[in-house]
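J.: What follows is the file entry-v6.txt, containing compact mmCIF, C-alpha atoms and all ligand atoms:
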```txt
# COMPACT_ATOMS: atom_id res chain seq x y z
CA MET P 1 90.47 88.90 76.95
CA SER P 2 92.24 85.85 78.36
CA GLY P 3 90.93 82.32 77.91
CA LEU P 4 90.57 82.09 81.67
CA PHE P 5 87.96 84.87 81.72
CA ARG P 6 86.14 83.35 78.78
CA ARG P 7 85.70 80.02 80.57
CA THR P 8 84.95 81.43 84.02
CA THR P 9 81.21 81.97 84.24
CA PHE P 10 79.36 81.58 87.50
CA LEU P 11 75.76 82.45 86.72
CA ARG P 12 73.23 80.36 84.84
CA GLN P 13 73.98 81.02 81.16
CA THR P 14 71.64 81.11 78.15
CA GLU P 15 72.22 81.85 74.48
CA PRO P 16 71.72 85.56 73.67
CA ARG P 17 68.40 86.36 71.98
CA PRO P 18 68.54 88.11 68.61
CA ARG P 19 66.75 91.13 70.14
CA TYR P 20 66.31 92.68 73.59
CA ASP P 21 64.28 95.72 74.63
CA VAL P 22 67.29 96.94 76.60
CA VAL P 23 70.92 95.84 76.41
CA VAL P 24 73.22 96.82 79.27
CA ILE P 25 76.96 96.68 78.57
CA GLY P 26 78.94 95.86 81.72
CA GLY P 27 78.16 93.39 84.51
CA GLY P 28 79.26 95.57 87.41
CA VAL P 29 77.08 96.90 90.17
CA SER P 30 75.81 99.82 88.01
CA GLY P 31 74.79 97.72 85.01
CA LEU P 32 73.21 95.01 87.15
CA SER P 33 71.35 97.58 89.25
CA ILE P 34 69.95 99.20 86.08
CA ALA P 35 68.90 95.81 84.67
CA TYR P 36 67.29 94.75 87.96
CA ASN P 37 65.37 98.02 88.29
CA LEU P 38 64.10 97.88 84.69
CA ALA P 39 62.61 94.46 85.42
CA ALA P 40 61.51 95.02 89.03
CA LYS P 41 60.11 98.57 88.83
CA HIS P 42 59.03 98.88 85.20
CA GLY P 43 58.19 95.35 84.13
CA ILE P 44 60.76 95.51 81.30
CA ARG P 45 62.11 91.99 81.41
CA ASN P 46 63.44 91.43 77.92
CA VAL P 47 66.75 92.81 79.14
CA ALA P 48 70.30 91.49 78.81
CA VAL P 49 73.55 92.38 80.50
CA PHE P 50 76.69 91.65 78.47
CA GLU P 51 79.80 91.22 80.60
CA ARG P 52 83.06 90.48 78.86
CA ALA P 53 84.63 88.71 81.85
CA TYR P 54 82.71 87.68 84.99
CA ILE P 55 80.27 89.80 86.97
CA GLY P 56 82.04 92.09 89.43
CA SER P 57 85.39 91.72 87.66
CA GLY P 58 85.71 95.51 87.29
CA GLY P 59 85.64 98.16 90.01
CA SER P 60 82.60 96.52 91.59
CA GLY P 61 84.66 93.63 92.91
CA ARG P 62 87.73 95.71 93.71
CA ASN P 63 86.44 98.65 95.71
CA THR P 64 86.83 99.42 99.39
CA GLN P 65 83.10 99.10 100.10
CA VAL P 66 82.48 102.59 101.50
CA VAL P 67 78.93 103.89 101.37
CA ARG P 68 78.32 107.45 102.56
CA ALA P 69 76.46 110.66 101.76
CA ASN P 70 78.78 113.38 103.11
CA TYR P 71 79.36 115.00 99.72
CA ASN P 72 79.77 118.69 99.14
CA THR P 73 77.36 120.18 96.59
CA PRO P 74 73.59 120.75 96.52
CA GLU P 75 73.44 118.22 93.66
CA THR P 76 75.64 115.39 94.98
CA ILE P 77 74.39 115.31 98.59
CA PRO P 78 70.74 114.50 97.69
CA LEU P 79 71.93 111.89 95.16
CA TYR P 80 74.10 109.95 97.63
CA LYS P 81 71.61 110.50 100.46
CA ALA P 82 68.93 108.81 98.35
CA SER P 83 71.35 105.97 97.56
CA LEU P 84 72.18 105.48 101.24
CA GLY P 85 68.45 105.22 101.94
CA LEU P 86 68.22 102.40 99.39
CA TRP P 87 71.29 100.61 100.76
CA ARG P 88 69.63 100.23 104.15
CA SER P 89 66.93 97.91 102.83
CA LEU P 90 68.81 96.37 99.88
CA SER P 91 69.34 92.97 101.56
CA GLN P 92 65.59 92.66 102.06
CA GLU P 93 64.70 94.03 98.62
CA LEU P 94 67.07 91.66 96.80
CA ASP P 95 66.63 88.80 99.27
CA PHE P 96 70.40 88.42 99.62
CA ASN P 97 72.60 89.33 102.56
CA ILE P 98 74.87 92.12 101.31
CA GLN P 99 76.46 92.50 104.76
CA PHE P 100 75.50 96.16 105.03
CA SER P 101 76.66 97.65 108.28
CA THR P 102 76.53 101.24 109.53
CA GLN P 103 79.54 101.99 111.72
CA GLY P 104 80.27 105.67 111.04
CA GLU P 105 83.05 107.46 109.20
CA LEU P 106 85.73 109.48 110.99
CA ASP P 107 87.69 111.82 108.71
CA LEU P 108 90.73 113.18 110.54
CA VAL P 109 91.88 116.68 109.71
CA HIS P 110 95.44 117.96 110.16
CA THR P 111 95.42 121.42 108.55
CA HIS P 112 93.36 124.56 109.10
CA ASP P 113 92.45 124.77 105.40
CA ALA P 114 91.04 121.23 105.46
CA LEU P 115 89.15 122.00 108.68
CA GLU P 116 87.49 124.99 107.01
CA VAL P 117 86.44 122.81 104.06
CA GLU P 118 85.03 120.21 106.48
CA ARG P 119 83.14 122.85 108.50
CA ASP P 120 81.45 124.17 105.35
CA LYS P 121 80.70 120.63 104.22
CA SER P 122 79.13 119.74 107.57
CA LEU P 123 76.85 122.81 107.36
CA LEU P 124 75.81 121.95 103.81
CA ASN P 125 75.23 118.29 104.78
CA LYS P 126 73.00 119.38 107.67
CA ALA P 127 71.04 121.70 105.36
CA TYR P 128 70.23 118.63 103.24
CA GLY P 129 69.43 116.40 106.21
CA VAL P 130 72.72 114.48 106.24
CA GLU P 131 74.39 114.03 109.62
CA THR P 132 78.02 115.23 109.62
CA HIS P 133 79.62 116.78 112.72
CA ILE P 134 82.93 118.49 113.41
CA LEU P 135 84.80 116.92 116.34
CA THR P 136 87.58 118.29 118.54
CA PRO P 137 90.72 116.18 119.06
CA ASP P 138 89.37 115.06 122.48
CA GLU P 139 86.13 113.92 120.86
CA VAL P 140 88.15 112.08 118.20
CA GLN P 141 90.05 110.23 120.91
CA LYS P 142 86.82 109.23 122.67
CA ARG P 143 85.31 107.96 119.43
CA CYS P 144 88.42 106.06 118.34
CA PRO P 145 91.07 105.61 121.06
CA LEU P 146 93.36 103.87 118.54
CA VAL P 147 94.02 107.13 116.65
CA ASP P 148 97.40 108.77 117.30
CA LEU P 149 96.52 112.45 117.76
CA THR P 150 100.12 113.44 117.05
CA GLY P 151 99.90 111.89 113.58
CA GLY P 152 103.11 109.95 114.20
CA GLY P 153 104.66 113.15 115.54
CA GLU P 154 104.51 114.55 112.00
CA LEU P 155 100.93 115.65 111.36
CA PRO P 156 98.91 116.41 114.53
CA VAL P 157 95.14 115.88 114.34
CA ILE P 158 93.42 119.24 114.87
CA GLY P 159 89.86 117.94 114.49
CA ALA P 160 87.70 115.61 112.44
CA SER P 161 84.54 115.38 110.46
CA TYR P 162 82.31 112.59 111.74
CA HIS P 163 79.58 111.11 109.53
CA PRO P 164 77.49 108.66 111.62
CA PRO P 165 75.61 107.12 108.63
CA GLY P 166 78.91 106.09 106.97
CA SER P 167 78.56 102.37 106.13
CA LEU P 168 80.22 99.36 104.55
CA ALA P 169 78.74 96.59 102.38
CA ARG P 170 80.35 93.44 101.02
CA HIS P 171 81.06 94.36 97.40
CA ASP P 172 80.79 90.97 95.71
CA SER P 173 77.64 90.11 97.65
CA VAL P 174 76.07 93.27 96.23
CA VAL P 175 77.01 92.30 92.67
CA TRP P 176 75.60 88.81 93.16
CA ALA P 177 72.49 90.12 94.89
CA TYR P 178 71.59 92.31 91.90
CA ALA P 179 72.51 89.63 89.35
CA VAL P 180 70.50 86.86 90.99
CA ALA P 181 67.50 89.15 91.63
CA ALA P 182 67.60 90.33 87.99
CA GLN P 183 67.84 86.75 86.71
CA ARG P 184 64.84 85.74 88.84
CA LEU P 185 62.87 88.40 86.96
CA GLY P 186 63.94 87.04 83.58
CA VAL P 187 66.94 89.24 82.81
CA HIS P 188 69.73 87.50 80.87
CA VAL P 189 73.19 88.02 82.31
CA HIS P 190 75.77 86.92 79.73
CA GLU P 191 79.25 86.45 81.19
CA GLY P 192 82.29 86.05 78.98
CA ALA P 193 80.44 87.99 76.26
CA GLU P 194 82.35 91.00 75.01
CA VAL P 195 80.70 93.88 73.20
CA THR P 196 82.88 94.71 70.21
CA GLY P 197 80.73 97.28 68.43
CA ILE P 198 77.66 99.46 68.71
CA ASP P 199 75.39 99.87 65.71
CA VAL P 200 74.09 103.37 65.04
CA GLU P 201 71.80 104.21 62.12
CA GLY P 202 70.45 107.68 61.36
CA GLY P 203 71.63 108.99 64.75
CA ARG P 204 69.87 106.16 66.64
CA CYS P 205 71.46 103.21 68.44
CA ILE P 206 69.91 100.00 67.15
CA GLY P 207 72.03 97.25 68.67
CA ILE P 208 75.40 95.84 69.54
CA ARG P 209 77.93 93.45 68.12
CA THR P 210 79.44 90.89 70.44
CA ASP P 211 81.84 87.99 70.22
CA ARG P 212 78.68 85.87 70.31
CA GLY P 213 77.08 87.64 67.35
CA ALA P 214 74.99 90.72 66.66
CA VAL P 215 72.06 91.62 68.90
CA SER P 216 69.49 94.29 68.14
CA ALA P 217 68.13 96.44 70.94
CA GLY P 218 65.51 99.07 71.68
CA SER P 219 67.98 100.87 73.94
CA VAL P 220 71.62 100.32 74.87
CA VAL P 221 73.21 101.43 78.15
CA SER P 222 76.96 101.64 78.66
CA ALA P 223 77.88 100.87 82.28
CA VAL P 224 81.51 99.85 81.87
CA ALA P 225 83.24 102.21 84.36
CA GLY P 226 87.00 102.05 83.57
CA HIS P 227 86.29 101.41 79.88
CA SER P 228 83.64 104.10 79.25
CA SER P 229 85.62 106.06 76.67
CA LEU P 230 86.37 102.91 74.67
CA VAL P 231 82.78 101.63 74.64
CA ALA P 232 81.23 105.07 74.01
CA GLY P 233 83.74 105.46 71.19
CA MET P 234 82.11 102.46 69.48
CA ALA P 235 79.06 104.73 69.01
CA SER P 236 81.32 107.69 68.12
CA VAL P 237 80.45 109.39 71.41
CA ARG P 238 83.41 111.21 72.98
CA MET P 239 83.71 111.18 76.77
CA PRO P 240 85.46 113.83 78.91
CA ILE P 241 87.11 111.08 80.93
CA ARG P 242 90.58 110.13 82.05
CA THR P 243 91.17 106.64 83.35
CA HIS P 244 93.34 106.35 86.47
CA PRO P 245 94.39 103.35 88.54
CA LEU P 246 93.35 103.08 92.18
CA GLN P 247 94.93 100.57 94.51
CA ALA P 248 94.06 99.00 97.85
CA PHE P 249 95.43 96.34 100.18
CA VAL P 250 94.28 94.15 103.04
CA THR P 251 96.19 92.73 105.96
CA GLU P 252 95.82 89.27 107.39
CA PRO P 253 92.62 88.94 109.43
CA TYR P 254 92.70 90.07 113.07
CA LYS P 255 90.26 90.17 115.96
CA HIS P 256 87.81 93.04 115.45
CA VAL P 257 89.39 96.26 116.77
CA LEU P 258 88.27 99.03 114.42
CA ASP P 259 84.71 100.28 114.06
CA GLY P 260 83.73 102.04 110.85
CA LEU P 261 86.03 103.96 108.57
CA VAL P 262 88.96 106.09 109.74
CA SER P 263 90.46 108.37 107.12
CA SER P 264 92.82 111.29 106.91
CA MET P 265 91.71 114.21 104.75
CA ASP P 266 95.30 115.40 104.34
CA LEU P 267 97.09 112.07 103.97
CA TYR P 268 94.51 110.71 101.47
CA ILE P 269 94.31 107.37 103.22
CA TYR P 270 91.44 105.41 104.73
CA ILE P 271 91.19 102.25 106.78
CA SER P 272 88.35 99.97 107.81
CA GLN P 273 88.10 96.41 109.07
CA THR P 274 86.18 93.88 107.04
CA ALA P 275 83.74 91.37 108.47
CA ARG P 276 86.49 88.77 107.96
CA GLY P 277 88.82 90.84 110.18
CA GLU P 278 91.18 92.10 107.47
CA LEU P 279 92.29 95.72 107.78
CA LEU P 280 91.39 97.26 104.44
CA VAL P 281 93.43 100.26 103.29
CA GLY P 282 92.60 102.52 100.38
CA ALA P 283 94.15 105.71 99.09
CA GLU P 284 93.74 108.21 96.28
CA ILE P 285 93.93 107.55 92.55
CA LEU P 286 97.41 107.47 91.05
CA PRO P 287 98.17 110.60 89.02
CA TYR P 288 98.81 108.88 85.67
CA ASN P 289 96.44 107.40 83.09
CA THR P 290 96.52 103.71 82.26
CA TYR P 291 94.34 100.66 81.63
CA SER P 292 96.82 98.46 83.46
CA THR P 293 95.68 96.90 86.73
CA ARG P 294 99.19 95.95 87.81
CA SER P 295 99.77 96.78 91.50
CA THR P 296 102.90 98.53 92.74
CA PHE P 297 105.16 98.16 95.75
CA ASP P 298 105.39 101.99 95.97
CA PHE P 299 101.67 102.16 96.69
CA LEU P 300 101.87 99.42 99.31
CA SER P 301 104.76 100.97 101.22
CA GLU P 302 103.39 104.53 101.05
CA ALA P 303 99.85 103.54 102.05
CA ALA P 304 101.18 101.39 104.90
CA LYS P 305 103.36 104.27 106.12
CA ARG P 306 100.44 106.72 106.07
CA SER P 307 98.11 104.33 107.90
CA ILE P 308 100.67 103.85 110.65
CA LEU P 309 100.86 107.64 111.12
CA ILE P 310 97.21 107.76 112.19
CA LEU P 311 96.69 104.22 113.52
CA PRO P 312 100.02 103.08 115.00
CA PHE P 313 98.76 99.55 115.75
CA MET P 314 98.83 99.01 111.96
CA ALA P 315 102.65 98.71 112.25
CA LYS P 316 102.14 95.19 113.61
CA ALA P 317 99.64 94.11 110.96
CA ARG P 318 100.91 91.99 108.06
CA ALA P 319 99.88 92.95 104.54
CA MET P 320 98.26 89.96 102.83
CA ARG P 321 96.99 91.03 99.41
CA GLN P 322 96.86 94.11 97.17
CA TRP P 323 95.02 94.90 93.98
CA THR P 324 94.21 97.64 91.49
CA GLY P 325 91.09 98.83 89.71
CA LEU P 326 90.36 101.50 87.12
CA CYS P 327 88.57 104.76 87.85
CA ASP P 328 87.10 106.88 85.09
CA MET P 329 87.52 110.44 86.39
CA THR P 330 85.38 113.27 85.05
CA PRO P 331 86.53 116.92 85.03
CA ASP P 332 84.14 117.72 87.92
CA SER P 333 84.52 114.43 89.88
CA SER P 334 80.81 113.67 89.48
CA PRO P 335 79.14 110.82 87.60
CA ILE P 336 77.72 110.97 84.06
CA LEU P 337 74.14 109.70 84.03
CA GLY P 338 71.72 110.17 81.18
CA LYS P 339 71.08 110.12 77.44
CA SER P 340 74.00 110.53 75.09
CA GLU P 341 73.77 112.54 71.90
CA VAL P 342 73.00 109.27 70.07
CA GLU P 343 69.29 108.45 70.41
CA ASP P 344 68.59 105.36 72.56
CA PHE P 345 72.21 105.16 73.76
CA TYR P 346 72.50 105.87 77.48
CA LEU P 347 75.52 106.44 79.70
CA ALA P 348 76.11 105.40 83.31
CA ALA P 349 79.74 106.44 83.33
CA GLY P 350 82.36 108.58 85.02
CA MET P 351 82.11 106.35 88.09
CA GLY P 352 85.43 107.50 89.57
CA THR P 353 85.71 106.65 93.25
CA TRP P 354 81.97 106.96 93.95
CA GLY P 355 80.28 104.37 91.75
CA PHE P 356 79.77 101.69 94.39
CA LYS P 357 77.89 103.83 96.88
CA GLY P 358 75.84 105.41 94.09
CA ALA P 359 74.84 102.19 92.33
CA PRO P 360 71.45 101.66 94.01
CA ILE P 361 70.20 105.14 93.07
CA PHE P 362 71.93 105.10 89.67
CA GLY P 363 70.00 101.91 88.90
CA VAL P 364 66.65 103.29 90.03
CA THR P 365 66.99 106.59 88.19
CA MET P 366 68.55 105.28 84.97
CA ALA P 367 65.87 102.58 84.74
CA GLU P 368 63.20 105.25 85.17
CA LEU P 369 64.78 107.39 82.45
CA ILE P 370 64.98 104.47 80.01
CA ALA P 371 61.48 103.23 80.81
CA THR P 372 59.65 106.58 80.78
CA GLY P 373 61.87 108.90 78.73
CA ARG P 374 61.73 111.40 81.61
CA THR P 375 64.91 112.37 83.47
CA PRO P 376 64.46 112.02 87.24
CA THR P 377 65.25 115.27 89.08
CA LEU P 378 68.00 113.64 91.13
CA ILE P 379 70.14 112.88 88.07
CA ALA P 380 69.23 115.88 85.90
CA PRO P 381 72.40 117.78 86.98
CA PHE P 382 74.57 114.82 85.90
CA HIS P 383 73.49 114.89 82.26
CA PRO P 384 76.34 114.09 79.80
CA ALA P 385 75.82 117.42 78.01
CA ARG P 386 76.80 119.43 81.10
CA PHE P 387 80.44 119.64 80.02
CA ARG P 388 79.53 121.21 76.69
CA GLU P 389 77.05 123.54 78.39
CA ASP P 390 79.49 124.58 81.14
CA ARG P 391 77.18 123.39 83.94
CA MET P 392 79.56 121.16 85.85
CA VAL P 393 79.00 119.80 89.37
CA PRO P 394 82.47 120.17 90.91
CA ASP P 395 82.93 117.94 93.94
CA ALA P 396 86.56 116.84 93.95
CA ALA P 397 86.86 117.50 97.70
CA SER P 398 84.38 114.68 98.38
CA ALA P 399 85.99 112.19 96.05
CA GLY P 400 89.01 111.63 98.31
CA THR P 401 91.53 112.67 95.67
CA HIS P 402 93.55 115.79 94.88
C1 LIG M 501 90.47 100.27 94.74
C2 LIG M 501 89.13 100.91 94.54
C3 LIG M 501 88.43 101.37 95.64
C4 LIG M 501 87.18 101.96 95.46
N1 LIG M 501 86.45 102.29 96.58
C5 LIG M 501 85.19 102.76 96.46
C6 LIG M 501 84.39 102.98 97.60
O1 LIG M 501 84.83 102.72 98.74
N2 LIG M 501 83.13 103.48 97.42
C7 LIG M 501 82.64 103.77 96.18
O2 LIG M 501 81.53 104.26 96.07
N3 LIG M 501 83.37 103.52 95.06
C8 LIG M 501 84.62 103.02 95.17
N4 LIG M 501 85.38 102.74 94.04
C9 LIG M 501 84.79 102.99 92.72
C10 LIG M 501 83.81 101.87 92.37
O3 LIG M 501 84.42 100.62 92.57
C11 LIG M 501 83.37 101.99 90.92
O4 LIG M 501 82.96 103.30 90.65
C12 LIG M 501 82.21 101.07 90.64
O5 LIG M 501 82.50 99.74 91.03
C13 LIG M 501 81.84 101.13 89.19
O6 LIG M 501 80.88 100.12 88.97
P1 LIG M 501 80.38 99.85 87.49
O7 LIG M 501 79.38 98.78 87.59
O8 LIG M 501 79.98 101.15 86.89
O9 LIG M 501 81.68 99.37 86.73
P2 LIG M 501 82.55 98.03 86.87
O10 LIG M 501 82.34 97.34 88.15
O11 LIG M 501 83.96 98.40 86.51
O12 LIG M 501 81.93 97.12 85.77
C14 LIG M 501 82.08 97.39 84.40
C15 LIG M 501 82.16 96.07 83.70
O13 LIG M 501 82.16 96.31 82.31
C16 LIG M 501 82.87 95.26 81.71
N5 LIG M 501 83.23 95.67 80.35
C17 LIG M 501 84.15 96.57 79.95
N6 LIG M 501 84.19 96.64 78.63
C18 LIG M 501 83.27 95.76 78.16
C19 LIG M 501 82.85 95.36 76.86
N7 LIG M 501 83.39 95.89 75.75
N8 LIG M 501 81.89 94.42 76.74
C20 LIG M 501 81.30 93.86 77.85
N9 LIG M 501 81.69 94.19 79.10
C21 LIG M 501 82.65 95.14 79.25
C22 LIG M 501 84.05 95.04 82.63
O14 LIG M 501 84.59 93.74 82.49
C23 LIG M 501 83.42 95.28 84.00
O15 LIG M 501 83.08 94.08 84.68
C24 LIG M 501 86.64 102.15 94.16
C25 LIG M 501 87.36 101.72 93.05
C26 LIG M 501 88.58 101.08 93.22
C27 LIG M 501 89.32 100.60 92.03
```
Before we go any further, please render this structure as structure tokens.

T.:
Amino acid sequence: MSGLFRRTTFLRQTEPRPRYDVVVIGGGVSGLSIAYNLAAKHGIRNVAVFERAYIGSGGSGRNTQVVRANYNTPETIPLYKASLGLWRSLSQELDFNIQFSTQGELDLVHTHDALEVERDKSLLNKAYGVETHILTPDEVQKRCPLVDLTGGGELPVIGASYHPPGSLARHDSVVWAYAVAAQRLGVHVHEGAEVTGIDVEGGRCIGIRTDRGAVSAGSVVSAVAGHSSLVAGMASVRMPIRTHPLQAFVTEPYKHVLDGLVSSMDLYIYISQTARGELLVGAEILPYNTYSTRSTFDFLSEAAKRSILILPFMAKARAMRQWTGLCDMTPDSSPILGKSEVEDFYLAAGMGTWGFKGAPIFGVTMAELIATGRTPTLIAPFHPARFREDRMVPDAASAGTH
């Protein structure tokens, strides 16, 4: 960790106590949501979050802010639908404006295979009470006149899947909202405090070691997204995870022209406009594994080219900033939520490209599991043991990656 991170703390800081009822490793949206829910819903306030850098320095401050529920399995749709329900009132619940805004999501389709997948998905979404419609090219044009239906003359749009509840929320506001609300309830959020070890005795997790000393704990939760395998490894728990980089860029700010999210299911590209007016472009994960967050010119030029194919006005926009985050991908493209094989060591991991939208429900359900010992029905299918038991929840088609 660099000296810069160590000195950069923004929240009120206190010395770590020698013991907490629950220790959460990772000050991203998942960890903070779990800590907040333990205190707010279960009265467990002797809780600490240990964040090695600053809150939101991982994927939570680097994502493209998309919140939606148009997933594609009987397990994932209810999970993200429940999360979307929580997002709607999160500003009020946390007393912090998270800039949540529902503007719809338009997923353009260019091939018949992709259209079939989207048709099936829309039927399954409807069966679970999630609004997702198939649009004709004319309907696409009415909804978003900026779309080039010829796909730059290369990839004509033959239809689209439209998800009216698709929303956006300001990522760092969400992180701060959870952190401040948790602190108000007595939770300690330690920034610049790295967890360097996890103590396990007789098959039970009993605490952590940090660069600020050892801390004992009733339960420990790992919520470190792109570093899940490394942190779980400290408790000798092996994770079926591969860590991939995911990049994004924004243009300079422009007058508001684009409502909601426009994506292409075949080009693996998506574009929205932030409240500040920047056009925000995201793509799929890169195919290789790394812990490096170095951004590449190849990504920038390819993502810009693909955006111009569907939204030609993007050709005049000037790229301003690009960045990279880490995505822990599971074999089934679904999260890992539950107890590990080590007693009192919990995992909120495998956050891939879906961890931001899921964070509100991940926090509620993981807090309930830790507080009561009972696994909430919504997260039962996402138990860490599912890989060993061959009960995976395959949903790669919804994760926006190959
Ligand atoms: C470019 C990009 C776009 C994305 N777009 C979307 C999107 O539109 N919608 C969506 O739902 N998801 C999206 N995601 C995924 C989403 O950002 C993540 O799944 C989510 O932020 C994970 O949150 P988290 O709290 O679990 O982890 P993180 O936010 O990564 O937080 C984990 C924290 O753990 C800390 N940590 C690591 N090791 C240690 C240690 N040893 N000790 C203490 N602290 C440690 C890290 O510093 C980090 O701050 C995107 C990701 C990227 C990179």

J.: In Å, how far is it from CA of Pro74 (chain P) to CA of Tyr270 (chain P)?

T.: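 A separation of 24.9 Å between them.
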
J.: Each side padded by 8 Å, which centre and which edge lengths in Å (one decimal) define the axis-aligned box around the listed atoms of region 294-301 of chain P? Give them as JSON.

T.:
```
{"center_x": 102.3, "center_y": 99.1, "center_z": 94.5, "size_x": 22.2, "size_y": 22.2, "size_z": 29.4}
```

J.: Calculated over only C-alpha atoms, which of the candidates P:Ala177, P:Ile158, P:Ile77, P:Ala317 has the smallest distance to Glu131 (chain P)?

T.: P:Ile77

J.: May I have the residues within 6 Å of ligand LIG 501 (chain M), computed using all atoms listed in the file, as a PyMOL selection string?

T.: chain P and resi 25-31+50-53+55-60+62-67+194-196+223-227+231+246-248+324-327+351-357

J.: Go ahead and save the residues from that selection, with C-alpha atoms, as a compact mmCIF listing (two decimals), in the frame of the given file.

T.:
```
# COMPACT_ATOMS: atom_id res chain seq x y z
CA ILE P 25 76.96 96.68 78.57
CA GLY P 26 78.94 95.86 81.72
CA GLY P 27 78.16 93.39 84.51
CA GLY P 28 79.26 95.57 87.41
CA VAL P 29 77.08 96.90 90.17
CA SER P 30 75.81 99.82 88.01
CA GLY P 31 74.79 97.72 85.01
CA PHE P 50 76.69 91.65 78.47
CA GLU P 51 79.80 91.22 80.60
CA ARG P 52 83.06 90.48 78.86
CA ALA P 53 84.63 88.71 81.85
CA ILE P 55 80.27 89.80 86.97
CA GLY P 56 82.04 92.09 89.43
CA SER P 57 85.39 91.72 87.66
CA GLY P 58 85.71 95.51 87.29
CA GLY P 59 85.64 98.16 90.01
CA SER P 60 82.60 96.52 91.59
CA ARG P 62 87.73 95.71 93.71
CA ASN P 63 86.44 98.65 95.71
CA THR P 64 86.83 99.42 99.39
CA GLN P 65 83.10 99.10 100.10
CA VAL P 66 82.48 102.59 101.50
CA VAL P 67 78.93 103.89 101.37
CA GLU P 194 82.35 91.00 75.01
CA VAL P 195 80.70 93.88 73.20
CA THR P 196 82.88 94.71 70.21
CA ALA P 223 77.88 100.87 82.28
CA VAL P 224 81.51 99.85 81.87
CA ALA P 225 83.24 102.21 84.36
CA GLY P 226 87.00 102.05 83.57
CA HIS P 227 86.29 101.41 79.88
CA VAL P 231 82.78 101.63 74.64
CA LEU P 246 93.35 103.08 92.18
CA GLN P 247 94.93 100.57 94.51
CA ALA P 248 94.06 99.00 97.85
CA THR P 324 94.21 97.64 91.49
CA GLY P 325 91.09 98.83 89.71
CA LEU P 326 90.36 101.50 87.12
CA CYS P 327 88.57 104.76 87.85
CA MET P 351 82.11 106.35 88.09
CA GLY P 352 85.43 107.50 89.57
CA THR P 353 85.71 106.65 93.25
CA TRP P 354 81.97 106.96 93.95
CA GLY P 355 80.28 104.37 91.75
CA PHE P 356 79.77 101.69 94.39
CA LYS P 357 77.89 103.83 96.88
```

J.: Calculate how many Å separate CA of Val281 (chain P) from CA of Val109 (chain P), rounding to one decimal.

T.: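 The value is 17.7 Å.
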
J.: In Å, rounded to a single decimal, give me how far CA of Tyr268 (chain P) is from CA of Pro287 (chain P).

T.: 13.0 Å

J.: With only C-alpha atoms as the counted atoms, please give the residues lying no more than 12 Å from Arg119 (chain P), apart from itself and same-chain residues fewer than 2 positions off, as a PyMOL selection string.

T.: chain P and resi 70+72+107+109+112-117+121-126+132-136+159-162

J.: Which of these, P:Val175, P:Leu300, P:Val147, P:Val220, has the shortest distance to Val23 (chain P) once you count all atoms listed in the file?

T.: P:Val220

J.: Is there a way to get, as a ChimeraX atom specification, all residues within 10 Å of the point (80.0, 105.6, 79.2) in file coordinates, counting all atoms listed in the file?

T.: /P:25,221-233,237-241,328,335-338,340,345-351,384

J.: With 9 Å as the cut-off and all atoms listed in the file counted, what is the closest atom pair between each nearby residue of region 161-235 of chain P and region 9-22 of chain P? Distances in Å to one decimal, ordered by chain and number, as a Markdown table.

T.:
```
| residue | atom | partner | partner_atom | distance |
| --- | --- | --- | --- | --- |
| P:Ala179 | CA | P:Leu11 | CA | 8.3 |
| P:Val180 | CA | P:Leu11 | CA | 8.1 |
| P:Gln183 | CA | P:Arg12 | CA | 8.6 |
| P:His188 | CA | P:Thr14 | CA | 7.2 |
| P:Val189 | CA | P:Gln13 | CA | 7.1 |
| P:His190 | CA | P:Gln13 | CA | 6.3 |
| P:Glu191 | CA | P:Thr9 | CA | 5.8 |
| P:Gly192 | CA | P:Thr9 | CA | 6.7 |
| P:Gly207 | CA | P:Arg19 | CA | 8.2 |
| P:Arg212 | CA | P:Pro16 | CA | 7.7 |
| P:Gly213 | CA | P:Pro16 | CA | 8.5 |
| P:Ala214 | CA | P:Pro18 | CA | 7.2 |
| P:Val215 | CA | P:Pro18 | CA | 5.0 |
| P:Ser216 | CA | P:Arg19 | CA | 4.6 |
| P:Ala217 | CA | P:Tyr20 | CA | 4.9 |
| P:Gly218 | CA | P:Asp21 | CA | 4.6 |
| P:Ser219 | CA | P:Val22 | CA | 4.8 |
| P:Val220 | CA | P:Val22 | CA | 5.8 |
| P:Val221 | CA | P:Val22 | CA | 7.6 |
```

J.: Keeping only C-alpha atoms, write the selected residues to a file as an mmCIF file, in the coordinates of the input.

T.:
```
data_model
loop_
_atom_site.group_PDB
_atom_site.id
_atom_site.type_symbol
_atom_site.label_atom_id
_atom_site.label_comp_id
_atom_site.auth_asym_id
_atom_site.auth_seq_id
_atom_site.Cartn_x
_atom_site.Cartn_y
_atom_site.Cartn_z
ATOM 1 C CA ALA P 179 72.510 89.630 89.350
ATOM 2 C CA VAL P 180 70.500 86.860 90.990
ATOM 3 C CA GLN P 183 67.840 86.750 86.710
ATOM 4 C CA HIS P 188 69.730 87.500 80.870
ATOM 5 C CA VAL P 189 73.190 88.020 82.310
ATOM 6 C CA HIS P 190 75.770 86.920 79.730
ATOM 7 C CA GLU P 191 79.250 86.450 81.190
ATOM 8 C CA GLY P 192 82.290 86.050 78.980
ATOM 9 C CA GLY P 207 72.030 97.250 68.670
ATOM 10 C CA ARG P 212 78.680 85.870 70.310
ATOM 11 C CA GLY P 213 77.080 87.640 67.350
ATOM 12 C CA ALA P 214 74.990 90.720 66.660
ATOM 13 C CA VAL P 215 72.060 91.620 68.900
ATOM 14 C CA SER P 216 69.490 94.290 68.140
ATOM 15 C CA ALA P 217 68.130 96.440 70.940
ATOM 16 C CA GLY P 218 65.510 99.070 71.680
ATOM 17 C CA SER P 219 67.980 100.870 73.940
ATOM 18 C CA VAL P 220 71.620 100.320 74.870
ATOM 19 C CA VAL P 221 73.210 101.430 78.150
#
```
